[in-house]
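Participant: Supplied structure: model-v9.pdb, PDB, C-alpha atoms and all ligand atoms.
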ATOM      1  CA  MET A   9      -1.229 -10.541   0.873  1.00  0.00           C
ATOM      2  CA  LYS A  10       1.268  -8.024  -0.512  1.00  0.00           C
ATOM      3  CA  PHE A  11       2.385  -5.194   1.764  1.00  0.00           C
ATOM      4  CA  PHE A  12       3.074  -1.781   0.259  1.00  0.00           C
ATOM      5  CA  LEU A  13       4.478   1.190   2.144  1.00  0.00           C
ATOM      6  CA  ASP A  14       2.340   4.323   1.769  1.00  0.00           C
ATOM      7  CA  THR A  15       4.998   7.023   1.908  1.00  0.00           C
ATOM      8  CA  ALA A  16       7.605   8.963  -0.039  1.00  0.00           C
ATOM      9  CA  ASP A  17      10.006   9.023   2.913  1.00  0.00           C
ATOM     10  CA  LEU A  18      13.240   7.470   1.639  1.00  0.00           C
ATOM     11  CA  ALA A  19      14.580   6.538   5.086  1.00  0.00           C
ATOM     12  CA  ASP A  20      11.416   4.597   5.917  1.00  0.00           C
ATOM     13  CA  ILE A  21      11.396   2.906   2.508  1.00  0.00           C
ATOM     14  CA  ARG A  22      15.064   1.931   2.891  1.00  0.00           C
ATOM     15  CA  TRP A  23      14.366   0.459   6.351  1.00  0.00           C
ATOM     16  CA  ALA A  24      11.325  -1.555   5.242  1.00  0.00           C
ATOM     17  CA  ALA A  25      12.951  -2.781   2.018  1.00  0.00           C
ATOM     18  CA  ARG A  26      16.146  -3.880   3.799  1.00  0.00           C
ATOM     19  CA  ALA A  27      14.079  -5.713   6.405  1.00  0.00           C
ATOM     20  CA  GLY A  28      12.280  -7.507   3.567  1.00  0.00           C
ATOM     21  CA  LEU A  29       8.920  -6.313   4.869  1.00  0.00           C
ATOM     22  CA  ILE A  30       7.467  -4.689   1.752  1.00  0.00           C
ATOM     23  CA  ASP A  31       6.508  -5.681  -1.763  1.00  0.00           C
ATOM     24  CA  GLY A  32       6.081  -2.166  -3.131  1.00  0.00           C
ATOM     25  CA  VAL A  33       5.362   1.497  -2.394  1.00  0.00           C
ATOM     26  CA  THR A  34       2.474   3.876  -2.997  1.00  0.00           C
ATOM     27  CA  THR A  35       2.743   7.651  -3.072  1.00  0.00           C
ATOM     28  CA  ASN A  36       0.258  10.431  -3.640  1.00  0.00           C
ATOM     29  CA  PRO A  37       0.574  14.214  -4.075  1.00  0.00           C
ATOM     30  CA  THR A  38       0.099  14.810  -0.336  1.00  0.00           C
ATOM     31  CA  LEU A  39       2.839  12.353   0.596  1.00  0.00           C
ATOM     32  CA  MET A  40       5.167  13.782  -2.065  1.00  0.00           C
ATOM     33  CA  SER A  41       4.639  17.322  -0.820  1.00  0.00           C
ATOM     34  CA  ARG A  42       5.239  16.173   2.782  1.00  0.00           C
ATOM     35  CA  ASP A  43       8.326  14.024   2.129  1.00  0.00           C
ATOM     36  CA  ALA A  44      10.101  15.221  -1.035  1.00  0.00           C
ATOM     37  CA  GLY A  45      11.414  18.469   0.470  1.00  0.00           C
ATOM     38  CA  ASP A  46      13.245  20.559  -2.124  1.00  0.00           C
ATOM     39  CA  VAL A  47      14.115  17.552  -4.270  1.00  0.00           C
ATOM     40  CA  ASP A  48      12.551  17.191  -7.733  1.00  0.00           C
ATOM     41  CA  PRO A  49       9.595  14.777  -7.230  1.00  0.00           C
ATOM     42  CA  ASN A  50      10.681  12.740 -10.263  1.00  0.00           C
ATOM     43  CA  ASP A  51      14.100  12.200  -8.692  1.00  0.00           C
ATOM     44  CA  VAL A  52      12.434  11.055  -5.475  1.00  0.00           C
ATOM     45  CA  LEU A  53      10.311   8.598  -7.467  1.00  0.00           C
ATOM     46  CA  LYS A  54      13.374   7.266  -9.311  1.00  0.00           C
ATOM     47  CA  GLU A  55      15.152   6.750  -5.989  1.00  0.00           C
ATOM     48  CA  ILE A  56      12.128   4.933  -4.529  1.00  0.00           C
ATOM     49  CA  CYS A  57      11.971   2.694  -7.616  1.00  0.00           C
ATOM     50  CA  SER A  58      15.614   1.766  -7.168  1.00  0.00           C
ATOM     51  CA  LEU A  59      15.041   0.824  -3.514  1.00  0.00           C
ATOM     52  CA  VAL A  60      12.179  -1.633  -4.039  1.00  0.00           C
ATOM     53  CA  ASP A  61      11.762  -4.521  -6.458  1.00  0.00           C
ATOM     54  CA  GLY A  62       7.988  -4.240  -6.602  1.00  0.00           C
ATOM     55  CA  PRO A  63       5.484  -1.710  -7.945  1.00  0.00           C
ATOM     56  CA  VAL A  64       5.749   1.976  -7.039  1.00  0.00           C
ATOM     57  CA  SER A  65       2.573   3.995  -7.525  1.00  0.00           C
ATOM     58  CA  ALA A  66       3.037   7.582  -8.710  1.00  0.00           C
ATOM     59  CA  GLU A  67      -0.022   9.789  -9.037  1.00  0.00           C
ATOM     60  CA  VAL A  68      -0.934  12.175 -11.846  1.00  0.00           C
ATOM     61  CA  VAL A  69      -2.162  15.645 -10.951  1.00  0.00           C
ATOM     62  CA  ALA A  70      -3.924  16.533 -14.220  1.00  0.00           C
ATOM     63  CA  VAL A  71      -7.698  16.157 -14.043  1.00  0.00           C
ATOM     64  CA  ASP A  72      -8.499  15.823 -17.756  1.00  0.00           C
ATOM     65  CA  ALA A  73      -8.107  12.533 -19.607  1.00  0.00           C
ATOM     66  CA  ALA A  74      -5.537  13.763 -22.123  1.00  0.00           C
ATOM     67  CA  GLY A  75      -3.454  15.446 -19.418  1.00  0.00           C
ATOM     68  CA  MET A  76      -3.557  12.363 -17.201  1.00  0.00           C
ATOM     69  CA  TYR A  77      -2.582  10.142 -20.115  1.00  0.00           C
ATOM     70  CA  ASP A  78       0.387  12.344 -21.070  1.00  0.00           C
ATOM     71  CA  GLU A  79       1.506  12.682 -17.459  1.00  0.00           C
ATOM     72  CA  GLY A  80       1.112   8.941 -16.922  1.00  0.00           C
ATOM     73  CA  ARG A  81       3.290   8.170 -19.936  1.00  0.00           C
ATOM     74  CA  GLU A  82       6.008  10.475 -18.617  1.00  0.00           C
ATOM     75  CA  LEU A  83       5.824   8.931 -15.130  1.00  0.00           C
ATOM     76  CA  ALA A  84       6.050   5.435 -16.621  1.00  0.00           C
ATOM     77  CA  LYS A  85       9.348   6.399 -18.281  1.00  0.00           C
ATOM     78  CA  LEU A  86      10.965   7.046 -14.876  1.00  0.00           C
ATOM     79  CA  ALA A  87      11.402   3.352 -14.082  1.00  0.00           C
ATOM     80  CA  GLU A  88      10.095  -0.058 -15.085  1.00  0.00           C
ATOM     81  CA  ASN A  89       8.283  -0.573 -11.793  1.00  0.00           C
ATOM     82  CA  ILE A  90       6.206   2.619 -11.910  1.00  0.00           C
ATOM     83  CA  VAL A  91       2.442   2.146 -11.662  1.00  0.00           C
ATOM     84  CA  VAL A  92       0.491   5.222 -12.709  1.00  0.00           C
ATOM     85  CA  LYS A  93      -2.142   6.310 -10.224  1.00  0.00           C
ATOM     86  CA  VAL A  94      -5.237   8.053 -11.554  1.00  0.00           C
ATOM     87  CA  PRO A  95      -8.289   9.256  -9.621  1.00  0.00           C
ATOM     88  CA  LEU A  96     -11.593   7.449  -9.919  1.00  0.00           C
ATOM     89  CA  ILE A  97     -13.366  10.070 -12.010  1.00  0.00           C
ATOM     90  CA  GLU A  98     -14.701   9.728 -15.549  1.00  0.00           C
ATOM     91  CA  ASP A  99     -11.595  11.254 -17.131  1.00  0.00           C
ATOM     92  CA  GLY A 100      -9.409   9.086 -14.911  1.00  0.00           C
ATOM     93  CA  LEU A 101     -11.103   5.974 -16.253  1.00  0.00           C
ATOM     94  CA  VAL A 102     -10.638   7.127 -19.855  1.00  0.00           C
ATOM     95  CA  ALA A 103      -6.946   7.732 -19.132  1.00  0.00           C
ATOM     96  CA  ALA A 104      -6.667   4.388 -17.299  1.00  0.00           C
ATOM     97  CA  ARG A 105      -8.057   2.516 -20.288  1.00  0.00           C
ATOM     98  CA  ARG A 106      -5.627   4.254 -22.684  1.00  0.00           C
ATOM     99  CA  LEU A 107      -2.629   3.744 -20.423  1.00  0.00           C
ATOM    100  CA  ALA A 108      -3.493   0.072 -19.892  1.00  0.00           C
ATOM    101  CA  ALA A 109      -3.912  -0.399 -23.653  1.00  0.00           C
ATOM    102  CA  ASN A 110      -0.357   0.917 -24.001  1.00  0.00           C
ATOM    103  CA  GLY A 111       0.998  -1.618 -21.535  1.00  0.00           C
ATOM    104  CA  ILE A 112       1.266   0.801 -18.600  1.00  0.00           C
ATOM    105  CA  LYS A 113       0.088  -0.468 -15.215  1.00  0.00           C
ATOM    106  CA  VAL A 114      -2.550   1.678 -13.551  1.00  0.00           C
ATOM    107  CA  ASN A 115      -3.718   2.039  -9.955  1.00  0.00           C
ATOM    108  CA  VAL A 116      -7.164   3.648  -9.824  1.00  0.00           C
ATOM    109  CA  THR A 117      -7.296   5.540  -6.548  1.00  0.00           C
ATOM    110  CA  LEU A 118      -9.867   7.233  -4.314  1.00  0.00           C
ATOM    111  CA  ALA A 119     -12.393   4.376  -4.509  1.00  0.00           C
ATOM    112  CA  PHE A 120     -15.145   4.532  -1.895  1.00  0.00           C
ATOM    113  CA  SER A 121     -17.690   1.971  -3.156  1.00  0.00           C
ATOM    114  CA  SER A 122     -17.607  -1.521  -4.603  1.00  0.00           C
ATOM    115  CA  VAL A 123     -19.255  -0.430  -7.848  1.00  0.00           C
ATOM    116  CA  GLN A 124     -16.532   2.182  -8.301  1.00  0.00           C
ATOM    117  CA  CYS A 125     -14.025  -0.674  -7.940  1.00  0.00           C
ATOM    118  CA  LEU A 126     -15.957  -2.680 -10.535  1.00  0.00           C
ATOM    119  CA  VAL A 127     -15.845   0.234 -12.983  1.00  0.00           C
ATOM    120  CA  ALA A 128     -12.085   0.594 -12.412  1.00  0.00           C
ATOM    121  CA  ALA A 129     -11.565  -3.099 -13.153  1.00  0.00           C
ATOM    122  CA  LYS A 130     -13.569  -2.809 -16.368  1.00  0.00           C
ATOM    123  CA  ALA A 131     -11.278   0.082 -17.387  1.00  0.00           C
ATOM    124  CA  GLY A 132      -8.295  -2.279 -17.208  1.00  0.00           C
ATOM    125  CA  ALA A 133      -6.763  -1.156 -13.911  1.00  0.00           C
ATOM    126  CA  THR A 134      -4.022  -3.369 -12.509  1.00  0.00           C
ATOM    127  CA  TYR A 135      -4.924  -2.138  -9.000  1.00  0.00           C
ATOM    128  CA  VAL A 136      -7.900  -0.394  -7.463  1.00  0.00           C
ATOM    129  CA  SER A 137      -7.481   1.352  -4.116  1.00  0.00           C
ATOM    130  CA  PRO A 138     -10.462   1.427  -1.754  1.00  0.00           C
ATOM    131  CA  PHE A 139      -9.801   3.940   1.054  1.00  0.00           C
ATOM    132  CA  LEU A 140     -10.709   2.214   4.309  1.00  0.00           C
ATOM    133  CA  GLY A 141      -9.683   4.783   6.922  1.00  0.00           C
ATOM    134  CA  ARG A 142     -11.507   7.632   5.220  1.00  0.00           C
ATOM    135  CA  LEU A 143     -14.679   5.501   5.081  1.00  0.00           C
ATOM    136  CA  ASP A 144     -14.325   4.738   8.805  1.00  0.00           C
ATOM    137  CA  ASP A 145     -13.861   8.463   9.432  1.00  0.00           C
ATOM    138  CA  ILE A 146     -17.380   9.153   8.125  1.00  0.00           C
ATOM    139  CA  GLY A 147     -18.922   6.290  10.082  1.00  0.00           C
ATOM    140  CA  HIS A 148     -19.181   3.666   7.315  1.00  0.00           C
ATOM    141  CA  ASP A 149     -18.390  -0.028   7.634  1.00  0.00           C
ATOM    142  CA  ALA A 150     -15.141   0.232   5.670  1.00  0.00           C
ATOM    143  CA  MET A 151     -14.765  -3.513   5.206  1.00  0.00           C
ATOM    144  CA  GLU A 152     -18.008  -3.767   3.243  1.00  0.00           C
ATOM    145  CA  ILE A 153     -16.206  -2.377   0.186  1.00  0.00           C
ATOM    146  CA  ILE A 154     -13.555  -5.110   0.376  1.00  0.00           C
ATOM    147  CA  ARG A 155     -16.148  -7.839   0.980  1.00  0.00           C
ATOM    148  CA  GLU A 156     -18.343  -6.802  -1.962  1.00  0.00           C
ATOM    149  CA  THR A 157     -15.495  -6.047  -4.350  1.00  0.00           C
ATOM    150  CA  ARG A 158     -13.873  -9.450  -3.690  1.00  0.00           C
ATOM    151  CA  ILE A 159     -17.131 -11.205  -4.572  1.00  0.00           C
ATOM    152  CA  MET A 160     -17.664  -9.090  -7.696  1.00  0.00           C
ATOM    153  CA  PHE A 161     -14.127  -9.645  -8.991  1.00  0.00           C
ATOM    154  CA  ASP A 162     -14.337 -13.387  -8.311  1.00  0.00           C
ATOM    155  CA  ASN A 163     -17.787 -13.657  -9.954  1.00  0.00           C
ATOM    156  CA  TYR A 164     -16.388 -12.299 -13.207  1.00  0.00           C
ATOM    157  CA  SER A 165     -12.793 -13.514 -12.932  1.00  0.00           C
ATOM    158  CA  LEU A 166     -11.558  -9.911 -13.017  1.00  0.00           C
ATOM    159  CA  GLU A 167      -7.796  -9.774 -12.521  1.00  0.00           C
ATOM    160  CA  THR A 168      -7.608  -6.274 -11.037  1.00  0.00           C
ATOM    161  CA  LYS A 169      -5.950  -6.435  -7.626  1.00  0.00           C
ATOM    162  CA  ILE A 170      -7.750  -5.036  -4.593  1.00  0.00           C
ATOM    163  CA  LEU A 171      -5.267  -2.729  -2.864  1.00  0.00           C
ATOM    164  CA  ALA A 172      -6.649  -1.798   0.568  1.00  0.00           C
ATOM    165  CA  ALA A 173      -5.567   1.812   1.200  1.00  0.00           C
ATOM    166  CA  SER A 174      -5.953   4.545   3.795  1.00  0.00           C
ATOM    167  CA  ILE A 175      -4.982   1.998   6.420  1.00  0.00           C
ATOM    168  CA  ARG A 176      -4.932   3.394   9.955  1.00  0.00           C
ATOM    169  CA  HIS A 177      -4.091   0.416  12.194  1.00  0.00           C
ATOM    170  CA  PRO A 178      -3.150  -3.290  12.152  1.00  0.00           C
ATOM    171  CA  ARG A 179      -6.817  -4.383  12.500  1.00  0.00           C
ATOM    172  CA  HIS A 180      -7.502  -2.864   9.064  1.00  0.00           C
ATOM    173  CA  VAL A 181      -4.734  -5.058   7.642  1.00  0.00           C
ATOM    174  CA  ALA A 182      -6.042  -8.188   9.375  1.00  0.00           C
ATOM    175  CA  ASP A 183      -9.648  -7.613   8.306  1.00  0.00           C
ATOM    176  CA  ALA A 184      -8.709  -6.784   4.719  1.00  0.00           C
ATOM    177  CA  ALA A 185      -6.585  -9.956   4.576  1.00  0.00           C
ATOM    178  CA  LEU A 186      -9.431 -12.084   5.967  1.00  0.00           C
ATOM    179  CA  LEU A 187     -11.729 -10.722   3.275  1.00  0.00           C
ATOM    180  CA  GLY A 188      -9.277 -11.477   0.484  1.00  0.00           C
ATOM    181  CA  ALA A 189      -7.774  -8.095  -0.422  1.00  0.00           C
ATOM    182  CA  ASP A 190      -4.731  -8.752  -2.617  1.00  0.00           C
ATOM    183  CA  ALA A 191      -2.582  -6.051  -1.027  1.00  0.00           C
ATOM    184  CA  ALA A 192      -2.603  -3.403   1.681  1.00  0.00           C
ATOM    185  CA  THR A 193      -0.729  -0.132   1.590  1.00  0.00           C
ATOM    186  CA  MET A 194       0.062   1.321   4.983  1.00  0.00           C
ATOM    187  CA  PRO A 195       2.065   4.125   6.581  1.00  0.00           C
ATOM    188  CA  PRO A 196       5.408   3.155   8.180  1.00  0.00           C
ATOM    189  CA  ASP A 197       4.025   3.398  11.742  1.00  0.00           C
ATOM    190  CA  VAL A 198       1.318   0.830  10.945  1.00  0.00           C
ATOM    191  CA  LEU A 199       3.883  -1.490   9.351  1.00  0.00           C
ATOM    192  CA  ARG A 200       5.989  -1.247  12.525  1.00  0.00           C
ATOM    193  CA  LYS A 201       2.932  -1.993  14.652  1.00  0.00           C
ATOM    194  CA  LEU A 202       2.293  -5.211  12.688  1.00  0.00           C
ATOM    195  CA  LEU A 203       5.424  -6.639  14.304  1.00  0.00           C
ATOM    196  CA  LEU A 204       4.543  -5.752  17.875  1.00  0.00           C
ATOM    197  CA  HIS A 205       2.833  -7.565  20.713  1.00  0.00           C
ATOM    198  CA  PRO A 206       3.531  -6.905  24.420  1.00  0.00           C
ATOM    199  CA  LEU A 207       3.518 -10.647  25.157  1.00  0.00           C
ATOM    200  CA  THR A 208       6.302 -11.147  22.602  1.00  0.00           C
ATOM    201  CA  ASP A 209       8.501  -8.636  24.460  1.00  0.00           C
ATOM    202  CA  ARG A 210       7.584 -10.041  27.858  1.00  0.00           C
ATOM    203  CA  GLY A 211       8.190 -13.608  26.666  1.00  0.00           C
ATOM    204  CA  LEU A 212      11.583 -12.753  25.205  1.00  0.00           C
ATOM    205  CA  ASP A 213      12.660 -10.959  28.413  1.00  0.00           C
ATOM    206  CA  GLN A 214      11.691 -14.027  30.409  1.00  0.00           C
ATOM    207  CA  PHE A 215      13.535 -16.449  28.095  1.00  0.00           C
ATOM    208  CA  LEU A 216      16.705 -14.346  28.244  1.00  0.00           C
ATOM    209  CA  ASN A 217      16.517 -13.932  32.052  1.00  0.00           C
ATOM    210  CA  ASP A 218      16.049 -17.660  32.560  1.00  0.00           C
ATOM    211  CA  TRP A 219      18.934 -18.385  30.214  1.00  0.00           C
ATOM    212  CA  SER A 220      21.271 -16.037  32.128  1.00  0.00           C
ATOM    213  CA  LYS A 221      20.269 -17.797  35.368  1.00  0.00           C
ATOM    214  CA  LEU A 222      21.204 -21.128  33.773  1.00  0.00           C
ATOM    215  CA  VAL A 223      24.542 -19.741  32.582  1.00  0.00           C
ATOM    216  CA  ALA A 224      25.284 -18.249  36.031  1.00  0.00           C
ATOM    217  CA  LYS A 225      24.398 -21.560  37.727  1.00  0.00           C
ATOM    218  CA  SER A 226      26.586 -23.616  35.370  1.00  0.00           C
ATOM    219  CA  LYS A 227      29.536 -21.267  36.077  1.00  0.00           C
ATOM    220  CA  VAL A 228      29.067 -21.800  39.810  1.00  0.00           C
ATOM    221  CA  ASN A 229      28.965 -25.593  39.346  1.00  0.00           C
ATOM    222  CA  ALA A 230      31.995 -25.691  37.038  1.00  0.00           C
TER     223      ALA A 230
HETATM  224  C1  LIG A 301      -3.430   5.323  -1.254  1.00  0.00           C
HETATM  225  O1  LIG A 301      -2.718   4.917  -2.142  1.00  0.00           O
HETATM  226  C2  LIG A 301      -3.250   6.589  -0.551  1.00  0.00           C
HETATM  227  O2  LIG A 301      -1.926   7.024  -0.754  1.00  0.00           O
HETATM  228  C3  LIG A 301      -3.424   6.499   0.942  1.00  0.00           C
HETATM  229  O3  LIG A 301      -3.608   5.187   1.394  1.00  0.00           O
HETATM  230  C4  LIG A 301      -4.318   7.522   1.511  1.00  0.00           C
HETATM  231  O4  LIG A 301      -4.386   7.362   2.906  1.00  0.00           O
HETATM  232  P1  LIG A 301      -4.899   8.484   3.902  1.00  0.00           P
HETATM  233  O5  LIG A 301      -6.390   8.425   3.947  1.00  0.00           O
HETATM  234  O6  LIG A 301      -4.282   8.121   5.216  1.00  0.00           O
HETATM  235  O7  LIG A 301      -4.410   9.806   3.370  1.00  0.00           O
END
Would you encode the structure as structure tokens?
Facilitator:
Amino acid sequence: MKFFLDTADLADIRWAARAGLIDGVTTNPTLMSRDAGDVDPNDVLKEICSLVDGPVSAEVVAVDAAGMYDEGRELAKLAENIVVKVPLIEDGLVAARRLAANGIKVNVTLAFSSVQCLVAAKAGATYVSPFLGRLDDIGHDAMEIIRETRIMFDNYSLETKILAASIRHPRHVADAALLGADAATMPPDVLRKLLLHPLTDRGLDQFLNDWSKLVAKSKVNA
């Protein structure tokens, strides 16, 4: 499973990329407005693209097909690893199809049902992003969308990647992986939590304590 970082925070992206923990980045207008500060959003995107080898999703803000297509083409010029993110609305699918036909990778976002994911795949999306956390928030079984979409894509050999999004905790990552999602995009705090287990810390403390006892004893005996 590929791990993407869901942020526009350059310090977090630098940390995760240097640690070799991520395969790409996703942004959205909310994350850009939170993290870009006074910097031109296109400059932030260029910087992110230079920090990671993998795909970097950048979202359009137009809501008509022609506007999304034009914006997507401009975003794609920023760097080779840009993936243009369009919303899962009728115009978004029209734009996705045109962008894909022009060799531009597209991430269709804001998917909340498996049939929406199917429609995105038929439009030529490279990625489709089902939003797990927001489905949980309204009391749905979020994993159902991953389960059904995986079966649908496999039934028809559709190559669109399932990018589990709106991840809130490590269990979302584990469940999405078990169900065959191709990638998960998560905020930095969730990525950090993937590394943690209290028994790991306790075990390491014990190993190091026992080792120092051994060293102390061997000094006494020397
Ligand atoms: C997906 O690409 C989105 O950026 C993101 O996962 C949305 O997550 P949220 O529901 O936490 O805002």
Participant: In Å, rounded to a single decimal, give me how far atom CA of A:Ser137 is from atom O2 of ligand LIG 301 (chain A).
Facilitator: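 The value is 8.6 Å.
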Participant: My list of candidates is A:Asn36, A:Leu13, A:Val127, A:Leu29. Which is closest to A:Ile175 when distances are computed with all atoms listed in the file?
Facilitator: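 So, comparing all the options, the nearest one is A:Leu13.
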Participant: The PyMOL selection byres (((chain A and resi 49) around 12) and not hetatm) - which residues does that actually catch in the file I just gave you? List them as a count of residues only.
Facilitator: 28
Participant: At a cut-off of 6 Å and counting only C-alpha atoms and all ligand atoms, what residues surround ligand LIG 301 (chain A)? Please answer as a compact mmCIF listing (two decimals) with C-alpha atoms, keeping the file's coordinate frame.
Facilitator:
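Written out: selection.txt:
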# COMPACT_ATOMS: atom_id res chain seq x y z
CA ASP A 14 2.34 4.32 1.77
CA THR A 34 2.47 3.88 -3.00
CA THR A 35 2.74 7.65 -3.07
CA ASN A 36 0.26 10.43 -3.64
CA GLY A 141 -9.68 4.78 6.92
CA ARG A 142 -11.51 7.63 5.22
CA ALA A 173 -5.57 1.81 1.20
CA SER A 174 -5.95 4.54 3.80
Participant: Do you know which residues are at most 7 Å from stretch 70-80 of chain A counting all atoms listed in the file, after dropping those on the same chain fewer than 6 positions away, and could you put them as a list in words?
Facilitator: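 The contact residues come out as Val92, Asp99, Gly100, Val102, Ala103 and Leu107 of chain A.
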Participant: Tell me, in Å to one decimal, how far atom CA of A:Leu140 is from atom CA of A:Asn115.
Facilitator: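 Atom CA of A:Asn115 lies at a distance of 15.9 Å from atom CA of A:Leu140.
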Participant: Near A:Asp20, within 12 Å and counting only C-alpha atoms, which residues show up once chain neighbours fewer than 2 positions away are dropped, as a list of chain:residue names?
Facilitator: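 Contacts, in chain order: A:Phe12, A:Leu13, A:Asp14, A:Thr15, A:Ala16, A:Asp17, A:Leu18, A:Arg22, A:Trp23, A:Ala24, A:Ala25, A:Arg26, A:Ala27, A:Leu29, A:Ile30, A:Val33, A:Asp43, A:Ile56, A:Leu59, A:Val60, A:Met194, A:Pro195, A:Pro196, A:Asp197, A:Val198, A:Leu199, A:Arg200.
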Participant: If you measure from atom CA of A:Ser65 to atom CA of A:Ala182, what distance in Å do you get, rounded to one decimal?
Facilitator: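 Atom CA of A:Ala182 lies 22.5 Å from atom CA of A:Ser65.
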Participant: Pull out every residue that the PyMOL selection byres (((chain A and resi 157-163) around 8) and not hetatm) matches in the shown coordinates and put them as a PyMOL selection string.
Facilitator: chain A and resi 122-123+125-126+153-156+164-168+170+187-189
Participant: Identify, on the basis of only C-alpha atoms, every residue whose closest approach to A:Ala104 does not exceed 8 Å; exclude the query and any residue fewer than 5 positions from it along the same chain; express the result as a PyMOL selection string.
Facilitator: chain A and resi 77+94+114+116+131-133
